[in-house]
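Visitor: You'll find model_35.txt just under this line, and it carries compact mmCIF, C-alpha atoms.
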```txt
# COMPACT_ATOMS: atom_id res chain seq x y z
CA TYR A 1 -4.56 -42.81 72.48
CA GLY A 2 -7.66 -44.94 73.01
CA ASN A 3 -10.86 -44.71 71.06
CA ILE A 4 -14.03 -43.06 72.34
CA GLU A 5 -17.19 -44.95 71.49
CA LYS A 6 -20.06 -42.49 71.49
CA ASN A 7 -23.20 -44.65 71.62
CA ILE A 8 -25.39 -41.63 72.11
CA ALA A 9 -27.88 -39.46 70.25
CA PRO A 10 -26.69 -36.95 67.59
CA ARG A 11 -23.71 -34.86 68.64
CA LYS A 12 -25.68 -31.68 69.44
CA THR A 13 -27.65 -33.47 72.20
CA ALA A 14 -24.51 -34.74 73.95
CA PHE A 15 -23.34 -31.39 75.18
CA ASN A 16 -24.49 -29.89 78.46
CA LYS A 17 -25.66 -33.30 79.66
CA ILE A 18 -25.00 -34.39 83.20
CA ILE A 19 -23.05 -37.57 83.88
CA TYR A 20 -25.23 -40.11 85.66
CA ALA A 21 -22.44 -42.59 86.42
CA VAL A 22 -18.76 -43.31 85.73
CA ARG A 23 -17.84 -46.97 85.49
CA VAL A 24 -14.67 -48.98 84.98
CA LYS A 25 -14.39 -52.36 83.25
CA GLY A 26 -11.54 -54.69 82.35
CA ASN A 27 -9.24 -53.81 85.24
CA VAL A 28 -7.72 -56.80 87.02
CA ARG A 29 -4.66 -55.67 88.96
CA VAL A 30 -5.18 -51.92 88.88
CA GLY A 31 -7.84 -50.80 91.35
CA LYS A 32 -10.94 -48.89 90.32
CA GLY A 33 -10.05 -46.12 92.75
CA PHE A 34 -6.66 -45.65 91.09
CA ILE A 35 -8.41 -45.10 87.76
CA ILE A 36 -11.20 -42.88 89.07
CA ASN A 37 -8.70 -40.64 90.85
CA ARG A 38 -6.88 -39.99 87.56
CA ILE A 39 -9.77 -39.15 85.29
CA GLU A 40 -11.44 -35.77 84.91
CA VAL A 41 -15.06 -36.84 84.50
CA HIS A 42 -17.17 -37.62 87.56
CA LYS A 43 -20.72 -38.41 88.55
CA GLY A 44 -22.84 -35.27 88.56
CA GLY A 45 -20.41 -33.38 86.36
CA GLU A 46 -21.03 -32.03 82.88
CA TYR A 47 -20.11 -34.14 79.88
CA SER A 48 -16.99 -32.94 78.03
CA ILE A 49 -15.15 -34.63 75.17
CA LYS A 50 -12.01 -32.72 76.13
CA LYS A 51 -12.16 -34.09 79.67
CA ILE A 52 -12.64 -37.59 78.26
CA ASP A 53 -9.59 -37.20 76.01
CA ASP A 54 -7.49 -35.76 78.84
CA SER A 55 -8.55 -38.62 81.10
CA VAL A 56 -7.48 -41.23 78.55
CA LYS A 57 -4.10 -39.51 78.13
CA LYS A 58 -3.55 -39.47 81.90
CA LEU A 59 -4.34 -43.17 82.18
CA TYR A 60 -1.94 -44.05 79.36
CA LYS A 61 0.82 -42.05 81.05
CA THR A 62 0.62 -44.29 84.12
CA GLY A 63 2.10 -47.07 81.97
CA TYR A 64 -0.38 -49.64 83.24
CA PHE A 65 -2.62 -49.86 80.18
CA LYS A 66 -2.07 -50.99 76.59
CA ASN A 67 -5.56 -50.03 75.38
CA ILE A 68 -8.37 -47.81 76.67
CA LEU A 69 -11.87 -47.41 75.23
CA VAL A 70 -14.53 -45.04 76.48
CA ASN A 71 -18.16 -45.94 76.03
CA VAL A 72 -20.82 -43.24 76.48
CA LYS A 73 -24.51 -44.19 76.73
CA PRO A 74 -27.53 -41.96 77.36
CA HIS A 75 -30.01 -42.39 80.22
CA GLY A 76 -32.66 -39.85 79.37
CA ASN A 77 -30.99 -36.48 79.82
CA ARG A 78 -28.03 -38.02 81.61
CA LEU A 79 -25.08 -40.11 80.49
CA THR A 80 -23.20 -43.16 81.71
CA VAL A 81 -19.48 -43.07 80.93
CA THR A 82 -17.60 -46.38 81.02
CA PHE A 83 -13.81 -46.66 80.81
CA ILE A 84 -12.91 -50.07 79.36
CA VAL A 85 -9.25 -50.79 80.02
CA SER A 86 -6.84 -53.49 78.94
CA GLU A 87 -3.90 -53.80 81.31
CA ARG A 88 -0.30 -54.38 80.33
CA PRO A 89 1.15 -57.63 81.70
CA PHE A 90 3.39 -57.28 84.73
CA ILE A 91 6.97 -58.53 84.78
CA LYS A 92 7.26 -61.57 87.03
CA SER A 93 10.99 -62.21 86.65
CA ILE A 94 14.04 -60.95 84.74
CA LYS A 95 16.92 -63.17 83.66
CA TYR A 96 20.25 -62.38 81.99
CA THR A 97 21.78 -65.13 79.88
CA GLY A 98 25.31 -65.05 78.46
CA ASN A 99 26.37 -61.91 80.35
CA GLY A 100 30.03 -62.99 80.13
CA SER A 101 32.48 -60.27 81.16
CA VAL A 102 29.89 -57.97 82.74
CA SER A 103 28.50 -59.14 86.07
CA ILE A 104 24.76 -59.47 86.55
CA LYS A 105 25.13 -57.36 89.71
CA ARG A 106 26.51 -54.50 87.63
CA ILE A 107 23.82 -54.89 84.98
CA LYS A 108 21.05 -54.76 87.59
CA LYS A 109 22.43 -51.49 88.97
CA ILE A 110 22.10 -49.84 85.57
CA ILE A 111 18.99 -51.42 84.06
CA ASN A 112 15.71 -49.71 84.99
CA VAL A 113 13.31 -52.53 84.06
CA LYS A 114 12.35 -54.31 87.28
CA PRO A 115 10.01 -57.14 88.35
CA ASP A 116 6.48 -56.19 89.44
CA LYS A 117 6.40 -53.35 86.91
CA PRO A 118 4.28 -53.16 83.73
CA TYR A 119 5.90 -54.65 80.64
CA SER A 120 6.65 -52.06 77.98
CA SER A 121 8.23 -52.84 74.59
CA TYR A 122 9.53 -49.26 74.46
CA GLU A 123 11.32 -49.61 77.81
CA ILE A 124 12.71 -53.03 76.89
CA ASN A 125 14.18 -51.68 73.64
CA LYS A 126 15.71 -48.80 75.57
CA GLU A 127 17.36 -51.24 77.98
CA ILE A 128 18.74 -53.25 75.04
CA ARG A 129 20.50 -50.10 73.82
CA ILE A 130 21.86 -49.45 77.31
CA LEU A 131 23.19 -53.01 77.57
CA LYS A 132 25.00 -52.63 74.25
CA LEU A 133 26.60 -49.41 75.53
CA ILE A 134 27.75 -51.23 78.68
CA TYR A 135 29.48 -53.90 76.60
CA SER A 136 30.93 -51.33 74.21
CA ALA A 137 32.52 -49.58 77.20
CA GLU A 138 34.26 -52.88 77.98
CA GLY A 139 35.55 -53.28 74.43
CA TYR A 140 32.78 -55.55 73.14
CA TYR A 141 31.57 -53.41 70.26
CA ASN A 142 29.99 -56.36 68.47
CA ALA A 143 27.84 -57.44 71.40
CA LYS A 144 24.32 -58.56 70.50
CA VAL A 145 21.30 -58.44 72.81
CA LYS A 146 17.85 -59.85 72.24
CA VAL A 147 14.89 -60.41 74.52
CA LYS A 148 12.70 -63.45 74.93
CA THR A 149 9.43 -63.17 76.84
CA LYS A 150 7.11 -65.85 78.11
CA LYS A 151 3.47 -65.39 79.08
CA LEU A 152 2.60 -66.56 82.58
CA PRO A 153 -0.73 -67.03 84.38
CA GLY A 154 -2.30 -63.97 85.97
CA ASN A 155 -1.28 -61.60 83.16
CA TYR A 156 2.43 -61.86 84.02
CA VAL A 157 5.45 -62.29 81.75
CA SER A 158 9.00 -63.46 82.31
CA VAL A 159 11.76 -61.53 80.55
CA ASN A 160 15.08 -63.02 79.46
CA PHE A 161 17.84 -60.76 78.11
CA ILE A 162 19.97 -63.02 75.92
CA ILE A 163 23.44 -61.54 75.52
CA ASN A 164 26.17 -62.55 73.08
CA GLN A 165 29.16 -60.35 73.82
CA ASN A 166 31.21 -61.79 70.91
CA GLN A 167 34.94 -61.10 70.67
CA PRO A 168 36.28 -57.77 71.92
CA VAL A 169 37.93 -55.28 69.60
CA MET A 170 41.65 -55.52 70.39
CA VAL A 171 44.47 -52.96 70.03
CA LYS A 172 47.24 -54.52 67.97
CA LYS A 173 49.36 -51.42 67.47
CA VAL A 174 49.36 -47.79 68.66
CA GLU A 175 50.92 -44.99 66.62
CA PHE A 176 51.29 -41.32 67.46
CA LYS A 177 52.25 -38.68 64.93
CA GLY A 178 53.61 -35.24 65.62
CA ASN A 179 54.62 -35.97 69.22
CA THR A 180 57.93 -34.29 70.02
CA SER A 181 57.90 -33.70 73.78
CA PHE A 182 56.74 -37.16 74.81
CA SER A 183 57.46 -40.61 73.49
CA SER A 184 54.72 -42.76 72.01
CA GLY A 185 55.09 -45.20 74.88
CA LYS A 186 54.63 -42.43 77.44
CA LEU A 187 51.51 -41.10 75.71
CA ALA A 188 50.01 -44.59 75.44
CA SER A 189 50.68 -45.16 79.15
CA VAL A 190 49.06 -41.86 80.18
CA MET A 191 46.00 -42.64 78.04
CA GLY A 192 45.79 -46.14 79.49
CA ILE A 193 46.06 -47.80 76.10
CA LYS A 194 47.71 -51.19 75.97
CA THR A 195 48.30 -53.54 73.06
CA VAL A 196 47.71 -57.27 72.86
CA ASN A 197 50.38 -59.45 74.46
CA ILE A 198 50.88 -63.09 75.47
CA LEU A 199 48.96 -62.53 78.74
CA THR A 200 45.93 -60.97 77.10
CA TRP A 201 43.89 -64.15 77.46
CA ILE A 202 44.36 -63.88 81.25
CA THR A 203 44.43 -60.12 81.91
CA GLY A 204 42.24 -58.81 79.09
CA THR A 205 45.01 -56.33 78.19
CA GLY A 206 44.64 -54.79 74.75
CA LYS A 207 40.86 -54.29 74.63
CA PHE A 208 39.96 -51.14 72.74
CA LYS A 209 37.93 -48.84 74.98
CA LYS A 210 36.81 -45.64 73.32
CA ALA A 211 36.14 -43.95 76.67
CA LYS A 212 39.88 -43.89 77.38
CA LEU A 213 40.47 -41.78 74.29
CA ASN A 214 38.06 -39.03 75.36
```
Could you rewrite the structure in this file as structure tokens?

Guide:
Amino acid sequence: YGNIEKNIAPRKTAFNKIIYAVRVKGNVRVGKGFIINRIEVHKGGEYSIKKIDDSVKKLYKTGYFKNILVNVKPHGNRLTVTFIVSERPFIKSIKYTGNGSVSIKRIKKIINVKPDKPYSSYEINKEIRILKLIYSAEGYYNAKVKVKTKKLPGNYVSVNFIINQNQPVMVKKVEFKGNTSFSSGKLASVMGIKTVNILTWITGTGKFKKAKLN
């Protein structure tokens, strides 16, 4: 979590001091009230390092901030506590390039990253993994996904998911061993497994889909 800058007298004099003021700096889009309502130190309250730490953790959990510093300065027997925040950029737009066999409408229903939300590398990487799973379910086990971002004015970013689905894994031949009651053709039909044929380029028949085997 963020660092706490203690620009105060020796440690023993910091305890049991009353907070003279709580200030917020660096916020642009996130309102001061939003921040104040989520911290545990307030004007007139007693100074507490634990409350400072807990406040920083709560602010990070909102997802709006990439860095938080806390500056503490003495005013006689009282202290001024300043939360200095650095906001994450907000997502202005999301684009999907090279989606191929999977419609953008379907992708949008599954992907959780949305415009007007804070940009998070962790969330973006999670969505990349989800996209790969979507394409694997359609037989594109070699699909590649990367993300390109562009900084925009006003602390915004545009996000472009660049997808290369590559060639699907195809079923050339199906073999069953030990089947006595049912023919191989019957089993393949029940399981929904089809092999490549002359119409594959039109129908997509023959794509290997692991989900059908479960």

Visitor: Can you pull out the residues contacting A:Tyr140? Cut-off 7 Å, using all atoms listed in the file, and skip same-chain residues under 3 positions away; I want them as a PDB file with C-alpha atoms, in the coordinates of the input.

Guide:
```
ATOM      1  CA  TYR A 135      29.480 -53.900  76.600  1.00  0.00           C
ATOM      2  CA  SER A 136      30.930 -51.330  74.210  1.00  0.00           C
ATOM      3  CA  ALA A 143      27.840 -57.440  71.400  1.00  0.00           C
ATOM      4  CA  GLN A 165      29.160 -60.350  73.820  1.00  0.00           C
ATOM      5  CA  ASN A 166      31.210 -61.790  70.910  1.00  0.00           C
ATOM      6  CA  GLN A 167      34.940 -61.100  70.670  1.00  0.00           C
ATOM      7  CA  PRO A 168      36.280 -57.770  71.920  1.00  0.00           C
ATOM      8  CA  VAL A 169      37.930 -55.280  69.600  1.00  0.00           C
TER       9      VAL A 169
END
```

Visitor: To one decimal in Å, tell me the separation between atom CA of A:Asn160 and atom CA of A:Leu133.

Guide: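 Atom CA of A:Asn160 sits 18.3 Å away from atom CA of A:Leu133.
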
Visitor: Rounded to one decimal in Å, what is the spacing between atom CA of A:Ile134 and atom CA of A:Lys151?

Guide: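 These atoms are spaced 28.1 Å apart.
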
Visitor: Which residue is closest to A:Thr97? Choose from A:Lys109, A:Arg78, A:Lys61, A:Lys144 and count all atoms listed in the file.

Guide: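 Ranked by minimum distance to A:Thr97, first place goes to A:Lys144.
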
Visitor: What's the 9 Å shell around A:Gly100, counting all atoms listed in the file, without same-chain residues fewer than 2 positions away, as a PyMOL selection string?

Guide: chain A and resi 97-98+102-103+163-165

Visitor: Out of A:Thr62, A:Asn27, A:Ser93, A:Ser55, which residue has the shortest atom-to-atom distance to A:Asp116 when counting only C-alpha atoms?

Guide: A:Ser93

Visitor: Which is closest to A:Thr80 among A:Asp54, A:Ile94, A:Ile19, A:Tyr122, if we use only C-alpha atoms?

Guide: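 Under the stated criterion, the closest residue is A:Ile19.
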
Visitor: Near stretch 29-35 of chain A, counting all atoms listed in the file, which residues have an atom at most 10 Å away, once you skip same-chain residues fewer than 3 positions from it, shown as a ChimeraX atom specification?

Guide: /A:23-26,38-39,55,58-59,62,64-65,83,85,87-90,154-155

Visitor: Please provide as an NGL selection string all residues within 8 Å of A:Val145, with the sequence filter that same-chain residues fewer than 4 positions apart are discarded (counting all atoms listed in the file).

Guide: :A and (128 or 131-132 or 161-164)

Visitor: Quick one: distance from atom CA of A:Ala21 to atom CA of A:Pro118 in Å, one decimal?

Guide: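 So the two atoms, atom CA of A:Ala21 and atom CA of A:Pro118, lie 28.9 Å apart.
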
Visitor: Around all the atoms of stretch 102-105 of chain A listed in the file, with 4 Å of room on each side, what axis-aligned box do you get, giving centre and edge lengths in Å to one decimal, as JSON?

Guide:
```
{"center_x": 27.3, "center_y": -58.4, "center_z": 86.2, "size_x": 13.1, "size_y": 10.1, "size_z": 15.0}
```
